[in-house]
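Next comes protein.txt, with compact mmCIF, C-alpha atoms and all ligand atoms.
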# COMPACT_ATOMS: atom_id res chain seq x y z
CA MET A 26 0.00 0.00 0.00
CA GLU A 27 2.85 2.35 1.03
CA THR A 28 4.74 1.56 -2.17
CA ILE A 29 1.68 2.40 -4.24
CA SER A 30 1.22 5.79 -2.51
CA LEU A 31 4.93 6.55 -3.02
CA LEU A 32 4.62 5.65 -6.69
CA LEU A 33 1.55 7.85 -7.01
CA LEU A 34 3.37 10.73 -5.31
CA ALA A 35 6.40 10.29 -7.61
CA THR A 36 4.13 10.28 -10.67
CA GLN A 37 2.47 13.48 -9.49
CA ILE A 38 5.86 15.16 -8.94
CA VAL A 39 7.09 14.12 -12.40
CA TYR A 40 3.82 15.40 -13.89
CA ILE A 41 4.17 18.80 -12.16
CA LEU A 42 7.88 19.06 -13.08
CA SER A 43 7.13 18.30 -16.71
CA PHE A 44 4.84 21.34 -16.79
CA CYS A 45 7.53 23.51 -15.17
CA THR A 46 10.01 22.48 -17.87
CA ILE A 47 7.57 23.26 -20.65
CA LYS A 48 6.86 26.62 -19.06
CA VAL A 49 10.55 27.50 -18.78
CA TYR A 50 11.23 26.29 -22.30
CA LEU A 51 8.40 28.30 -23.81
CA CYS A 52 9.04 31.43 -21.78
CA PRO A 53 10.22 34.14 -24.20
CA CYS A 54 12.36 35.57 -21.43
CA ARG A 55 16.02 36.43 -21.05
CA SER A 56 18.67 34.73 -23.06
CA ASP A 57 22.19 35.97 -22.86
CA ASP A 58 23.35 36.22 -26.44
CA VAL A 59 20.36 38.21 -27.71
CA LYS A 60 21.06 41.56 -29.32
CA HIS A 61 18.26 44.05 -28.86
CA ILE A 62 18.14 46.95 -31.29
CA LEU A 63 15.80 49.93 -30.95
CA VAL A 64 15.06 52.30 -33.82
CA ILE A 65 13.16 55.43 -32.87
CA GLY A 66 10.66 56.32 -35.58
CA ASN A 67 9.97 59.92 -34.58
CA ARG A 68 7.18 60.40 -37.13
CA ALA A 69 6.32 56.81 -38.03
CA LEU A 70 2.54 56.48 -38.41
CA THR A 71 0.83 54.54 -35.60
CA THR A 72 -2.23 53.46 -37.57
CA PRO A 73 -2.20 51.34 -40.74
CA GLU A 74 -3.41 54.10 -43.06
CA PHE A 75 -0.38 54.35 -45.32
CA SER A 76 0.08 53.31 -48.90
CA LEU A 77 2.34 50.40 -49.80
CA ASN A 78 2.79 52.10 -53.18
CA ASP A 79 4.36 55.16 -51.54
CA ILE A 80 5.73 54.18 -48.12
CA PRO A 81 8.21 57.11 -47.80
CA GLY A 82 5.57 59.70 -48.74
CA THR A 83 2.59 58.44 -46.74
CA SER A 84 3.86 56.75 -43.56
CA GLY A 85 6.13 59.13 -41.66
CA ARG A 86 9.16 57.31 -43.07
CA ILE A 87 8.24 53.75 -42.19
CA ASP A 88 10.49 52.89 -45.17
CA ILE A 89 13.45 53.53 -42.81
CA LEU A 90 11.99 50.99 -40.39
CA CYS A 91 11.48 48.47 -43.22
CA ARG A 92 15.12 48.81 -44.28
CA SER A 93 16.17 48.50 -40.64
CA ILE A 94 14.28 45.20 -40.44
CA ASN A 95 16.06 43.98 -43.55
CA SER A 96 19.47 44.95 -42.09
CA ALA A 97 18.75 43.50 -38.66
CA PHE A 98 17.61 40.05 -39.79
CA LEU A 99 18.48 39.12 -43.33
CA LEU A 100 21.62 37.21 -44.15
CA SER A 101 22.20 35.89 -47.64
CA HIS A 102 20.84 32.46 -46.72
CA GLY A 103 19.06 32.91 -43.44
CA ILE A 104 17.76 35.00 -40.61
CA ARG A 105 19.65 36.31 -37.61
CA ARG A 106 17.77 34.40 -34.91
CA ASP A 107 19.60 36.12 -32.05
CA VAL A 108 18.30 39.61 -32.85
CA ARG A 109 15.25 41.39 -31.43
CA LEU A 110 14.37 44.62 -33.16
CA HIS A 111 12.11 47.13 -31.43
CA LEU A 112 10.53 49.85 -33.57
CA LEU A 113 9.28 52.79 -31.54
CA MET A 114 6.61 54.60 -33.54
CA ARG A 115 5.55 58.05 -32.46
CA GLY A 116 3.82 59.47 -35.51
CA GLU A 117 0.20 60.48 -36.09
CA GLY A 118 -2.70 58.16 -35.37
CA ASP A 119 -2.46 56.41 -32.02
CA PRO A 120 1.03 56.96 -30.52
CA PRO A 121 3.17 55.66 -28.97
CA LYS A 122 3.49 52.09 -30.21
CA ILE A 123 6.35 49.60 -30.15
CA ILE A 124 6.50 46.81 -32.71
CA THR A 125 8.96 44.08 -31.78
CA LEU A 126 10.36 41.55 -34.24
CA ASP A 127 11.89 38.45 -32.67
CA GLY A 128 14.36 36.59 -34.90
CA ARG A 129 13.59 33.25 -33.24
CA TYR A 130 10.06 33.13 -34.55
CA LEU A 131 10.08 35.51 -37.52
CA ARG A 132 8.47 34.26 -40.72
CA HIS A 133 7.25 35.74 -44.02
CA LEU A 134 10.16 38.20 -44.14
CA ASN A 135 11.35 39.05 -47.65
CA PRO A 136 14.02 41.53 -48.74
CA ASP A 137 11.66 44.03 -50.38
CA GLU A 138 10.30 47.06 -48.52
CA ARG A 139 6.75 46.61 -49.78
CA SER A 140 6.18 43.19 -48.20
CA THR A 141 7.92 44.30 -44.99
CA GLY A 142 5.69 47.38 -44.95
CA ALA A 143 2.71 45.05 -45.28
CA LEU A 144 3.85 43.10 -42.16
CA LEU A 145 4.09 46.37 -40.20
CA ARG A 146 0.67 47.41 -41.47
CA ILE A 147 -0.85 44.15 -40.20
CA ALA A 148 0.80 44.73 -36.79
CA LEU A 149 -0.52 48.31 -36.65
CA LYS A 150 -4.01 47.05 -37.49
CA LYS A 151 -3.81 44.55 -34.60
CA GLY A 152 -2.57 47.31 -32.29
CA VAL A 153 -5.56 49.61 -32.75
CA GLY A 154 -6.99 50.53 -29.32
CA LEU A 155 -4.32 48.68 -27.31
CA LYS A 156 -4.04 49.75 -23.70
CA ARG A 157 -0.68 50.41 -22.01
CA GLY A 158 0.83 47.19 -20.75
CA MET A 159 -0.99 45.00 -23.30
CA VAL A 160 0.97 43.09 -25.94
CA GLN A 161 -0.78 41.87 -29.08
CA ARG A 162 0.63 39.13 -31.33
CA SER A 163 0.62 39.81 -35.04
CA THR A 164 2.20 37.57 -37.70
CA PRO A 165 4.80 34.98 -36.46
CA GLY A 166 7.64 36.70 -34.57
CA ILE A 167 5.97 40.12 -34.53
CA THR A 168 4.19 41.72 -31.57
CA ILE A 169 2.87 45.20 -30.91
CA ARG A 170 2.39 47.01 -27.62
CA ARG A 171 1.51 50.51 -26.51
CA GLY A 172 4.52 52.16 -24.98
CA ASP A 173 7.33 54.64 -25.33
CA PHE A 174 11.09 54.54 -24.82
CA ARG A 175 10.99 54.46 -21.02
CA ASP A 176 8.31 51.71 -21.05
CA LEU A 177 10.52 49.54 -23.23
CA ILE A 178 13.53 49.99 -20.95
CA GLU A 179 11.47 49.27 -17.84
CA ASP A 180 9.59 46.32 -19.38
CA GLU A 181 12.68 44.58 -20.70
CA ASN A 182 15.13 45.40 -17.91
CA PHE A 183 18.20 45.40 -20.18
CA ASP A 184 21.60 44.85 -18.57
CA ASN A 185 23.32 47.43 -20.78
CA ILE A 186 22.25 50.21 -23.11
CA ILE A 187 24.42 51.51 -25.92
CA TYR A 188 23.58 54.69 -27.80
CA LEU A 189 24.93 54.69 -31.33
CA HIS A 190 26.15 58.14 -32.28
CA GLU A 191 28.80 59.41 -34.65
CA MET A 192 30.45 61.61 -31.99
CA ALA A 193 31.63 58.91 -29.60
CA SER A 194 34.35 56.32 -28.97
CA ASP A 195 35.14 54.17 -32.00
CA ILE A 196 33.63 50.68 -31.80
CA ARG A 197 36.91 49.21 -33.08
CA GLU A 198 38.66 50.45 -29.94
CA MET A 199 36.02 48.84 -27.79
CA HIS A 200 35.92 45.24 -28.97
CA GLU A 201 37.13 43.93 -25.62
CA SER A 202 34.63 45.80 -23.46
CA LEU A 203 31.87 45.10 -25.98
CA GLU A 204 32.67 41.38 -25.80
CA SER A 205 31.91 41.37 -22.09
CA LEU A 206 28.81 43.57 -22.50
CA LEU A 207 27.49 41.11 -25.08
CA GLN A 208 27.48 38.33 -22.47
CA LYS A 209 24.38 40.04 -21.08
CA GLU A 210 21.23 41.50 -22.62
CA THR A 211 22.26 44.68 -24.39
CA LEU A 212 20.10 47.25 -26.14
CA PHE A 213 21.52 49.30 -29.01
CA VAL A 214 19.64 52.55 -29.68
CA LEU A 215 19.47 54.42 -32.99
CA GLY A 216 17.45 57.31 -34.35
CA ASP A 217 15.76 57.61 -37.74
CA HIS A 218 16.38 60.41 -40.26
CA ILE A 219 15.60 62.93 -37.49
CA GLY A 220 17.93 61.35 -34.95
CA VAL A 221 17.43 60.97 -31.19
CA ASN A 222 15.77 63.92 -29.47
CA ALA A 223 16.96 65.69 -26.30
CA ASP A 224 14.33 64.01 -24.06
CA ASP A 225 15.41 60.56 -25.22
CA GLU A 226 19.04 61.51 -24.68
CA LYS A 227 18.14 62.41 -21.07
CA ILE A 228 16.56 58.97 -20.62
CA LEU A 229 19.68 57.37 -22.08
CA GLU A 230 21.81 59.31 -19.61
CA GLU A 231 19.51 58.38 -16.72
CA PHE A 232 19.93 54.66 -17.51
CA GLY A 233 23.71 54.98 -17.87
CA ALA A 234 23.91 54.36 -21.62
CA GLN A 235 27.33 54.20 -23.18
CA LYS A 236 27.88 56.06 -26.48
CA ILE A 237 29.62 54.27 -29.35
CA SER A 238 30.49 55.39 -32.88
CA LEU A 239 30.59 53.12 -35.93
CA SER A 240 32.18 55.49 -38.43
CA PRO A 241 33.54 59.01 -38.81
CA ASN A 242 30.57 59.75 -41.11
CA VAL A 243 26.90 60.19 -40.24
CA LEU A 244 25.28 57.09 -41.72
CA HIS A 245 21.76 55.92 -42.48
CA THR A 246 20.09 53.96 -39.69
CA ASP A 247 19.85 50.70 -41.67
CA HIS A 248 23.52 50.92 -42.71
CA CYS A 249 24.48 51.42 -39.05
CA ILE A 250 22.67 48.21 -38.14
CA ILE A 251 24.59 46.21 -40.74
CA ILE A 252 27.92 47.62 -39.58
CA LEU A 253 27.05 47.07 -35.92
CA LEU A 254 26.05 43.42 -36.44
CA ASN A 255 29.15 42.86 -38.56
CA GLU A 256 31.36 44.19 -35.75
CA ILE A 257 29.52 41.93 -33.29
CA ASP A 258 29.98 38.93 -35.64
CA ARG A 259 33.71 39.66 -35.78
CA ILE A 260 33.90 39.82 -31.97
CA GLU A 261 31.82 36.72 -31.34
CA LEU A 262 33.40 34.60 -34.07
CA LYS A 263 36.92 35.87 -33.26
CA TYR A 264 37.31 36.91 -36.89
CA ASP A 265 40.50 39.02 -36.77
C1 LIG B 1 20.58 59.29 -40.36
S1 LIG B 1 21.22 59.30 -38.75
C2 LIG B 1 20.44 60.68 -37.99
C3 LIG B 1 20.74 61.97 -38.61
C4 LIG B 1 20.09 63.10 -37.87
N1 LIG B 1 19.84 64.16 -38.80
C5 LIG B 1 20.94 63.59 -36.73
O1 LIG B 1 21.61 64.60 -36.88
O2 LIG B 1 20.97 62.93 -35.68
C6 LIG B 1 20.34 57.99 -38.01
C7 LIG B 1 20.91 57.40 -36.75
O3 LIG B 1 22.01 56.56 -37.07
C8 LIG B 1 22.93 56.54 -36.01
N2 LIG B 1 24.23 56.92 -36.58
C9 LIG B 1 24.47 57.62 -37.70
N3 LIG B 1 25.77 57.71 -37.95
C10 LIG B 1 26.40 57.03 -36.96
C11 LIG B 1 27.77 56.75 -36.66
N4 LIG B 1 28.76 57.19 -37.40
N5 LIG B 1 28.04 56.00 -35.56
C12 LIG B 1 27.04 55.52 -34.78
N6 LIG B 1 25.74 55.76 -35.03
C13 LIG B 1 25.42 56.52 -36.08
C14 LIG B 1 22.45 57.50 -34.94
O4 LIG B 1 21.80 56.76 -33.93
C15 LIG B 1 21.46 58.36 -35.70
O5 LIG B 1 20.44 58.86 -34.89
Go ahead and express the file in the form of structure tokens.
Ligand SMILES: C[S@@+](CC[C@H](N)C(=O)[O-])C[C@H]1O[C@@H](n2cnc3c(N)ncnc32)[C@H](O)[C@@H]1O
Amino acid sequence: METISLLLLATQIVYILSFCTIKVYLCPCRSDDVKHILVIGNRALTTPEFSLNDIPGTSGRIDILCRSINSAFLLSHGIRRDVRLHLLMRGEGDPPKIITLDGRYLRHLNPDERSTGALLRIALKKGVGLKRGMVQRSTPGITIRRGDFRDLIEDENFDNIIYLHEMASDIREMHESLESLLQKETLFVLGDHIGVNADDEKILEEFGAQKISLSPNVLHTDHCIIILLNEIDRIELKYD
């Protein structure tokens, strides 16, 4: 009788533990080699009313965000699964919104801006009327939430924040310190064609962000992302 109760107890424990494992496995929580990138879309429309036939002219420059997506995820024969790209959209409609693309689950991503614009339009449609703190799933790997820069930082609790800016220490002089920063969850912050405003710079300062430069020139946001990820590849793969 005692043996049977012990067996029953063991079965129950195994059953409960199996759920815990599934929960931990499915939890989209912290993982140490993830690179978070934030692009601030100062005027990016926050409702889906833009034309895919004229993205630059009708969307508050969502074309910059589409190219950033391309740069953040697309390799010649694959997707960068270790990247999470956050697009902060503050333009007309229903601001502020954050669309997050998670490389682990991303699907339907093609190199052209039009189809990427269509994915963002679907996410914006799903995000209509969202309340602060709510996250809505869109197509695979894409979610939308209501929130601004500070909300993102507080929600995600990043270990390090790096502000990409042309007037700063050269990334090539910082490979060693960057290597140790990359062991933890790090957020890289970039502006769009307008840049990063003074209020956001104050937030960056408040959270102790480090400033890093990629080039002596002022570059386009999407080009910065390619250079940044290339530098990270070189560090992580010891490609000297
Ligand atoms: C087109 S630039 C912004 C230009 C904007 N008119 C300004 O003066 O800030 C877009 C973003 O790319 C990043 N960026 C541009 N050049 C960079 C560089 N050389 N090093 C690091 N980040 C850079 C910055 O985050 C910048 O906000």
For this session: Could you check which of A:Asn255, A:Ser238, A:Gln161, A:Ser194 is closest to ligand LIG 1 (chain B), using all atoms listed in the file?
Result: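 Among the listed residues, A:Ser238 lies closest to ligand LIG 1 (chain B).
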List every residue of chain A that has an atom at most 12 Å from any atom of ligand LIG 1 (chain B), giving for each one its closest atom pair and the distance in Å to one decimal, counting all atoms listed in the file, sorted by chain and then by ascending residue number, as JSON lines.
{"residue": "A:Ile62", "atom": "CA", "partner": "B:LIG1", "partner_atom": "O4", "distance": 10.8}
{"residue": "A:Leu63", "atom": "CA", "partner": "B:LIG1", "partner_atom": "O4", "distance": 9.6}
{"residue": "A:Val64", "atom": "CA", "partner": "B:LIG1", "partner_atom": "O4", "distance": 8.1}
{"residue": "A:Ile65", "atom": "CA", "partner": "B:LIG1", "partner_atom": "O5", "distance": 8.3}
{"residue": "A:Gly66", "atom": "CA", "partner": "B:LIG1", "partner_atom": "C6", "distance": 10.1}
{"residue": "A:Asn67", "atom": "CA", "partner": "B:LIG1", "partner_atom": "O5", "distance": 10.5}
{"residue": "A:Arg86", "atom": "CA", "partner": "B:LIG1", "partner_atom": "C1", "distance": 11.9}
{"residue": "A:Ile89", "atom": "CA", "partner": "B:LIG1", "partner_atom": "C1", "distance": 9.5}
{"residue": "A:Leu90", "atom": "CA", "partner": "B:LIG1", "partner_atom": "C6", "distance": 11.2}
{"residue": "A:Ser93", "atom": "CA", "partner": "B:LIG1", "partner_atom": "O3", "distance": 10.6}
{"residue": "A:Ile187", "atom": "CA", "partner": "B:LIG1", "partner_atom": "O4", "distance": 9.9}
{"residue": "A:Tyr188", "atom": "CA", "partner": "B:LIG1", "partner_atom": "O4", "distance": 6.7}
{"residue": "A:Leu189", "atom": "CA", "partner": "B:LIG1", "partner_atom": "N6", "distance": 3.9}
{"residue": "A:His190", "atom": "CA", "partner": "B:LIG1", "partner_atom": "N6", "distance": 3.7}
{"residue": "A:Glu191", "atom": "CA", "partner": "B:LIG1", "partner_atom": "C11", "distance": 3.5}
{"residue": "A:Met192", "atom": "CA", "partner": "B:LIG1", "partner_atom": "N5", "distance": 7.1}
{"residue": "A:Ala193", "atom": "CA", "partner": "B:LIG1", "partner_atom": "N5", "distance": 7.5}
{"residue": "A:Ser194", "atom": "CA", "partner": "B:LIG1", "partner_atom": "N5", "distance": 9.1}
{"residue": "A:Asp195", "atom": "CA", "partner": "B:LIG1", "partner_atom": "N5", "distance": 8.2}
{"residue": "A:Ile196", "atom": "CA", "partner": "B:LIG1", "partner_atom": "N5", "distance": 8.6}
{"residue": "A:Arg197", "atom": "CA", "partner": "B:LIG1", "partner_atom": "N5", "distance": 11.4}
{"residue": "A:Phe213", "atom": "CA", "partner": "B:LIG1", "partner_atom": "O4", "distance": 8.9}
{"residue": "A:Val214", "atom": "CA", "partner": "B:LIG1", "partner_atom": "O4", "distance": 6.4}
{"residue": "A:Leu215", "atom": "CA", "partner": "B:LIG1", "partner_atom": "O4", "distance": 3.4}
{"residue": "A:Gly216", "atom": "CA", "partner": "B:LIG1", "partner_atom": "O5", "distance": 3.4}
{"residue": "A:Asp217", "atom": "CA", "partner": "B:LIG1", "partner_atom": "C6", "distance": 4.6}
{"residue": "A:His218", "atom": "CA", "partner": "B:LIG1", "partner_atom": "C1", "distance": 4.3}
{"residue": "A:Ile219", "atom": "CA", "partner": "B:LIG1", "partner_atom": "C4", "distance": 4.5}
{"residue": "A:Gly220", "atom": "CA", "partner": "B:LIG1", "partner_atom": "O2", "distance": 3.5}
{"residue": "A:Val221", "atom": "CA", "partner": "B:LIG1", "partner_atom": "O5", "distance": 5.2}
{"residue": "A:Asn222", "atom": "CA", "partner": "B:LIG1", "partner_atom": "O2", "distance": 8.2}
{"residue": "A:Ala223", "atom": "CA", "partner": "B:LIG1", "partner_atom": "O2", "distance": 10.6}
{"residue": "A:Asp225", "atom": "CA", "partner": "B:LIG1", "partner_atom": "O5", "distance": 11.0}
{"residue": "A:Glu226", "atom": "CA", "partner": "B:LIG1", "partner_atom": "O5", "distance": 10.6}
{"residue": "A:Gln235", "atom": "CA", "partner": "B:LIG1", "partner_atom": "C12", "distance": 11.7}
{"residue": "A:Lys236", "atom": "CA", "partner": "B:LIG1", "partner_atom": "C12", "distance": 8.4}
{"residue": "A:Ile237", "atom": "CA", "partner": "B:LIG1", "partner_atom": "C12", "distance": 6.1}
{"residue": "A:Ser238", "atom": "CA", "partner": "B:LIG1", "partner_atom": "N5", "distance": 3.7}
{"residue": "A:Leu239", "atom": "CA", "partner": "B:LIG1", "partner_atom": "N5", "distance": 3.9}
{"residue": "A:Ser240", "atom": "CA", "partner": "B:LIG1", "partner_atom": "N4", "distance": 4.0}
{"residue": "A:Pro241", "atom": "CA", "partner": "B:LIG1", "partner_atom": "N4", "distance": 5.3}
{"residue": "A:Asn242", "atom": "CA", "partner": "B:LIG1", "partner_atom": "N4", "distance": 4.9}
{"residue": "A:Val243", "atom": "CA", "partner": "B:LIG1", "partner_atom": "N3", "distance": 3.6}
{"residue": "A:Leu244", "atom": "CA", "partner": "B:LIG1", "partner_atom": "N3", "distance": 3.9}
{"residue": "A:His245", "atom": "CA", "partner": "B:LIG1", "partner_atom": "C1", "distance": 4.2}
{"residue": "A:Thr246", "atom": "CA", "partner": "B:LIG1", "partner_atom": "O3", "distance": 4.2}
{"residue": "A:Asp247", "atom": "CA", "partner": "B:LIG1", "partner_atom": "O3", "distance": 7.8}
{"residue": "A:His248", "atom": "CA", "partner": "B:LIG1", "partner_atom": "O3", "distance": 8.1}
{"residue": "A:Cys249", "atom": "CA", "partner": "B:LIG1", "partner_atom": "C13", "distance": 6.0}
{"residue": "A:Ile250", "atom": "CA", "partner": "B:LIG1", "partner_atom": "O3", "distance": 8.4}
{"residue": "A:Ile251", "atom": "CA", "partner": "B:LIG1", "partner_atom": "N6", "distance": 11.2}
{"residue": "A:Ile252", "atom": "CA", "partner": "B:LIG1", "partner_atom": "C12", "distance": 9.3}
{"residue": "A:Leu253", "atom": "CA", "partner": "B:LIG1", "partner_atom": "C12", "distance": 8.5}
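With distances restricted to all atoms listed in the file, A:His61 is the closest residue to Asn182 in chain A from A:His133, A:His61, A:His102, A:Val153.
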For this session: Extract, using all atoms listed in the file, all DNA, RNA and protein residues at most 7 Å from Ile167 in chain A, discarding same-chain residues fewer than 2 positions from it, and format them as an MDAnalysis selection string.
Result: chainID A and resid 124:127 131 162:165 169
For this session: Find the spatial neighbours of Arg175 in chain A, counting only C-alpha atoms, within a cut-off of 12 Å - ignore same-chain residues fewer than 5 positions away - and output them as number ranges by chain.
Result: A: 63, 113, 121, 123, 180-183, 224-232
Could the residues in this selection be saved with C-alpha atoms as a tab-separated table (two decimals), in the frame of the given file?
chain	number	residue	atom	x	y	z
A	63	LEU	CA	15.80	49.93	-30.95
A	113	LEU	CA	9.28	52.79	-31.54
A	121	PRO	CA	3.17	55.66	-28.97
A	123	ILE	CA	6.35	49.60	-30.15
A	180	ASP	CA	9.59	46.32	-19.38
A	181	GLU	CA	12.68	44.58	-20.70
A	182	ASN	CA	15.13	45.40	-17.91
A	183	PHE	CA	18.20	45.40	-20.18
A	224	ASP	CA	14.33	64.01	-24.06
A	225	ASP	CA	15.41	60.56	-25.22
A	226	GLU	CA	19.04	61.51	-24.68
A	227	LYS	CA	18.14	62.41	-21.07
A	228	ILE	CA	16.56	58.97	-20.62
A	229	LEU	CA	19.68	57.37	-22.08
A	230	GLU	CA	21.81	59.31	-19.61
A	231	GLU	CA	19.51	58.38	-16.72
A	232	PHE	CA	19.93	54.66	-17.51
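The gap separating CA of Arg129 in chain A from CA of Gly154 in chain A is 27.2 Å, in Å to one decimal.
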Exercise. So, counting all atoms listed in the file, which residue among A:Ile87, A:Leu99, A:Leu144, A:Leu206 is closest to Thr71 in chain A?
Worked result: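 Once distances to Thr71 in chain A are computed over all atoms listed in the file, the minimum belongs to A:Ile87.
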Dump N, CA and C atoms of range 207-230 of chain A from the given block, as a CSV table (one decimal), in the first residue's frame.
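Contents of decode-v2.csv, freshly written:
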chain,number,residue,atom,x,y,z
A,207,LEU,N,28.4,42.0,-24.3
A,207,LEU,CA,27.5,41.1,-25.1
A,207,LEU,C,27.1,39.8,-24.4
A,208,GLN,N,27.8,39.5,-23.2
A,208,GLN,CA,27.5,38.3,-22.5
A,208,GLN,C,26.1,38.5,-21.8
A,209,LYS,N,25.7,39.8,-21.7
A,209,LYS,CA,24.4,40.0,-21.1
A,209,LYS,C,23.5,40.7,-22.1
A,210,GLU,N,22.2,40.9,-21.7
A,210,GLU,CA,21.2,41.5,-22.6
A,210,GLU,C,21.5,43.0,-22.8
A,211,THR,N,21.8,43.3,-24.1
A,211,THR,CA,22.3,44.7,-24.4
A,211,THR,C,21.3,45.3,-25.4
A,212,LEU,N,21.0,46.5,-25.2
A,212,LEU,CA,20.1,47.2,-26.1
A,212,LEU,C,20.9,48.3,-26.9
A,213,PHE,N,20.9,48.3,-28.2
A,213,PHE,CA,21.5,49.3,-29.0
A,213,PHE,C,20.4,50.3,-29.5
A,214,VAL,N,20.7,51.6,-29.3
A,214,VAL,CA,19.6,52.5,-29.7
A,214,VAL,C,20.1,53.4,-30.9
A,215,LEU,N,19.2,53.6,-31.8
A,215,LEU,CA,19.5,54.4,-33.0
A,215,LEU,C,18.3,55.3,-33.3
A,216,GLY,N,18.5,56.5,-33.9
A,216,GLY,CA,17.4,57.3,-34.3
A,216,GLY,C,17.1,57.0,-35.8
A,217,ASP,N,16.1,57.7,-36.3
A,217,ASP,CA,15.8,57.6,-37.7
A,217,ASP,C,16.4,58.8,-38.5
A,218,HIS,N,15.8,59.3,-39.5
A,218,HIS,CA,16.4,60.4,-40.3
A,218,HIS,C,16.4,61.7,-39.4
A,219,ILE,N,15.6,61.7,-38.4
A,219,ILE,CA,15.6,62.9,-37.5
A,219,ILE,C,16.6,62.8,-36.4
A,220,GLY,N,17.0,61.6,-36.0
A,220,GLY,CA,17.9,61.3,-35.0
A,220,GLY,C,17.2,61.0,-33.6
A,221,VAL,N,18.0,61.3,-32.5
A,221,VAL,CA,17.4,61.0,-31.2
A,221,VAL,C,17.2,62.3,-30.5
A,222,ASN,N,16.0,62.6,-30.0
A,222,ASN,CA,15.8,63.9,-29.5
A,222,ASN,C,16.4,64.1,-28.1
A,223,ALA,N,16.3,65.4,-27.6
A,223,ALA,CA,17.0,65.7,-26.3
A,223,ALA,C,16.3,64.9,-25.1
A,224,ASP,N,15.0,64.7,-25.2
A,224,ASP,CA,14.3,64.0,-24.1
A,224,ASP,C,14.8,62.6,-24.0
A,225,ASP,N,14.9,61.9,-25.2
A,225,ASP,CA,15.4,60.6,-25.2
A,225,ASP,C,16.9,60.5,-24.8
A,226,GLU,N,17.6,61.5,-25.1
A,226,GLU,CA,19.0,61.5,-24.7
A,226,GLU,C,19.1,61.6,-23.2
A,227,LYS,N,18.2,62.3,-22.6
A,227,LYS,CA,18.1,62.4,-21.1
A,227,LYS,C,17.9,61.0,-20.5
A,228,ILE,N,16.9,60.3,-21.1
A,228,ILE,CA,16.6,59.0,-20.6
A,228,ILE,C,17.8,58.1,-20.7
A,229,LEU,N,18.5,58.2,-21.9
A,229,LEU,CA,19.7,57.4,-22.1
A,229,LEU,C,20.7,57.6,-21.0
A,230,GLU,N,20.8,58.9,-20.7
A,230,GLU,CA,21.8,59.3,-19.6
A,230,GLU,C,21.4,58.7,-18.3
